[in-house]
Amino acid sequence: MDSSCQPDDLAQLREQFPDWDIEARWTVAGTGPDSRYLLAHKGGVTLSAWTPADLAAEIRRDTGAR
């Protein structure tokens with residue numbers, strides 16, 4: 001199991017971006033390790049990333065924040 005995204009990381013993202021619905025999903029590989037990725041939804045916008053830091057950057061980029 002990939003531990004790069006712990007539930008605490010998701011809680012931090014949800015706290016940092018309360019207007020966004022944030023979740024983790026798994027992709028299943030038949031011959032290799034499974035991978036977890038993150039999704040953020042707001043209105044008609046869906047963003048995805050492999051790490052919490054990357055998802056935060058995508059949300060900031062989308063909202064124009066730095």
# chains A, B, ... in the order shown; residues from 1 in each chain; ligands from 1
>>> select_by_dssp(residues="chain A", states="strand (DSSP E or B)", output="MDAnalysis selection string")
chainID A and resid 21:27 35:42 45:49
>>> select_by_dssp(residues="chain A", states="alpha helix (DSSP H)", output="ChimeraX atom specification")
/A:7-16,52-63
>>> closest_residue(among="A:Leu10, A:Leu55, A:Ala49, A:Ile22", to="Ser35 of chain A", atoms="only C-alpha atoms")
A:Ala49
>>> closest_residue(among="A:Glu58, A:Pro18, A:Asp8, A:Ala24", to="Val45 of chain A", atoms="only C-alpha atoms")
A:Glu58
>>> residues_around(residues="Thr63 of chain A", least_positions_apart="5", cutoff="12 Å", atoms="only C-alpha atoms", output="list in words")
Phe17, Asp19, Trp20, Lys42, Val45, Leu47, Ala56, Ala57 and Glu58 of chain A
>>> write_last_selection(atoms="all heavy atoms", output="mmCIF file, in the first residue's frame")
data_model
loop_
_atom_site.group_PDB
_atom_site.id
_atom_site.type_symbol
_atom_site.label_atom_id
_atom_site.label_comp_id
_atom_site.auth_asym_id
_atom_site.auth_seq_id
_atom_site.Cartn_x
_atom_site.Cartn_y
_atom_site.Cartn_z
ATOM 1 N N PHE A 17 -8.952 23.956 1.962
ATOM 2 C CA PHE A 17 -9.818 24.308 0.831
ATOM 3 C C PHE A 17 -11.250 23.848 1.127
ATOM 4 O O PHE A 17 -11.750 22.893 0.516
ATOM 5 C CB PHE A 17 -9.302 23.653 -0.458
ATOM 6 C CG PHE A 17 -7.877 24.004 -0.775
ATOM 7 C CD1 PHE A 17 -6.857 23.096 -0.543
ATOM 8 C CD2 PHE A 17 -7.544 25.248 -1.287
ATOM 9 C CE1 PHE A 17 -5.536 23.405 -0.833
ATOM 10 C CE2 PHE A 17 -6.225 25.578 -1.573
ATOM 11 C CZ PHE A 17 -5.223 24.659 -1.344
ATOM 12 N N ASP A 19 -14.150 24.871 0.386
ATOM 13 C CA ASP A 19 -15.149 24.954 -0.687
ATOM 14 C C ASP A 19 -15.056 23.793 -1.673
ATOM 15 O O ASP A 19 -15.904 23.664 -2.550
ATOM 16 C CB ASP A 19 -15.003 26.271 -1.450
ATOM 17 C CG ASP A 19 -15.315 27.480 -0.579
ATOM 18 O OD1 ASP A 19 -16.024 27.319 0.432
ATOM 19 O OD2 ASP A 19 -14.835 28.581 -0.902
ATOM 20 N N TRP A 20 -14.022 22.980 -1.543
ATOM 21 C CA TRP A 20 -13.791 21.870 -2.468
ATOM 22 C C TRP A 20 -14.145 20.541 -1.801
ATOM 23 O O TRP A 20 -13.889 20.347 -0.618
ATOM 24 C CB TRP A 20 -12.323 21.838 -2.889
ATOM 25 C CG TRP A 20 -11.931 22.991 -3.764
ATOM 26 C CD1 TRP A 20 -11.632 24.255 -3.370
ATOM 27 C CD2 TRP A 20 -11.804 22.968 -5.180
ATOM 28 N NE1 TRP A 20 -11.319 25.028 -4.449
ATOM 29 C CE2 TRP A 20 -11.415 24.269 -5.578
ATOM 30 C CE3 TRP A 20 -11.967 21.985 -6.143
ATOM 31 C CZ2 TRP A 20 -11.203 24.596 -6.914
ATOM 32 C CZ3 TRP A 20 -11.747 22.317 -7.473
ATOM 33 C CH2 TRP A 20 -11.370 23.615 -7.846
ATOM 34 N N LYS A 42 -15.351 21.064 -7.413
ATOM 35 C CA LYS A 42 -16.046 22.289 -7.014
ATOM 36 C C LYS A 42 -16.824 22.779 -8.216
ATOM 37 O O LYS A 42 -16.241 23.089 -9.258
ATOM 38 C CB LYS A 42 -15.064 23.362 -6.549
ATOM 39 C CG LYS A 42 -15.744 24.648 -6.121
ATOM 40 C CD LYS A 42 -14.721 25.668 -5.681
ATOM 41 C CE LYS A 42 -15.409 26.973 -5.354
ATOM 42 N NZ LYS A 42 -14.432 28.007 -5.051
ATOM 43 N N VAL A 45 -15.897 21.906 -11.906
ATOM 44 C CA VAL A 45 -14.454 21.714 -12.055
ATOM 45 C C VAL A 45 -14.014 20.487 -11.263
ATOM 46 O O VAL A 45 -14.382 20.316 -10.105
ATOM 47 C CB VAL A 45 -13.682 22.953 -11.541
ATOM 48 C CG1 VAL A 45 -12.184 22.728 -11.598
ATOM 49 C CG2 VAL A 45 -14.074 24.183 -12.324
ATOM 50 N N LEU A 47 -10.342 18.487 -10.415
ATOM 51 C CA LEU A 47 -8.884 18.478 -10.509
ATOM 52 C C LEU A 47 -8.379 17.161 -9.936
ATOM 53 O O LEU A 47 -8.994 16.603 -9.031
ATOM 54 C CB LEU A 47 -8.294 19.641 -9.716
ATOM 55 C CG LEU A 47 -8.797 21.035 -10.085
ATOM 56 C CD1 LEU A 47 -8.254 22.069 -9.100
ATOM 57 C CD2 LEU A 47 -8.396 21.379 -11.501
ATOM 58 N N ALA A 56 -2.972 20.542 -3.977
ATOM 59 C CA ALA A 56 -3.059 21.900 -3.438
ATOM 60 C C ALA A 56 -2.593 22.915 -4.481
ATOM 61 O O ALA A 56 -3.222 23.970 -4.656
ATOM 62 C CB ALA A 56 -2.235 22.011 -2.163
ATOM 63 N N ALA A 57 -1.524 22.606 -5.184
ATOM 64 C CA ALA A 57 -1.013 23.503 -6.226
ATOM 65 C C ALA A 57 -2.031 23.650 -7.356
ATOM 66 O O ALA A 57 -2.230 24.757 -7.877
ATOM 67 C CB ALA A 57 0.316 22.992 -6.764
ATOM 68 N N GLU A 58 -2.675 22.557 -7.734
ATOM 69 C CA GLU A 58 -3.686 22.612 -8.799
ATOM 70 C C GLU A 58 -4.870 23.475 -8.369
ATOM 71 O O GLU A 58 -5.392 24.264 -9.156
ATOM 72 C CB GLU A 58 -4.170 21.198 -9.153
ATOM 73 C CG GLU A 58 -3.159 20.367 -9.899
ATOM 74 C CD GLU A 58 -2.875 20.905 -11.291
ATOM 75 O OE1 GLU A 58 -3.793 21.405 -11.963
ATOM 76 O OE2 GLU A 58 -1.713 20.828 -11.705
#
>>> residues_around(residues="Trp26 of chain A", least_positions_apart="6", cutoff="8 Å", atoms="only C-alpha atoms", output="compact mmCIF listing (two decimals) with C-alpha atoms, in the first residue's frame")
# COMPACT_ATOMS: atom_id res chain seq x y z
CA ASP A 34 -2.02 -0.25 -6.81
CA SER A 35 -1.85 3.55 -6.78
CA ARG A 36 -3.90 6.16 -5.01
CA TYR A 37 -4.76 9.50 -6.57
>>> atom_distance(atom1="atom CA of Gly30 of chain A", atom2="atom CA of Thr51 of chain A")
22.1 Å
>>> atom_distance(atom1="atom CA of Thr46 of chain A", atom2="atom CA of Asp62 of chain A")
10.1 Å
>>> closest_residue(among="A:Gly32, A:Ile59, A:Thr27, A:Gly43", to="Arg14 of chain A", atoms="only C-alpha atoms")
A:Ile59
>>> atom_distance(atom1="atom CA of Arg61 of chain A", atom2="atom CA of Glu15 of chain A")
17.6 Å
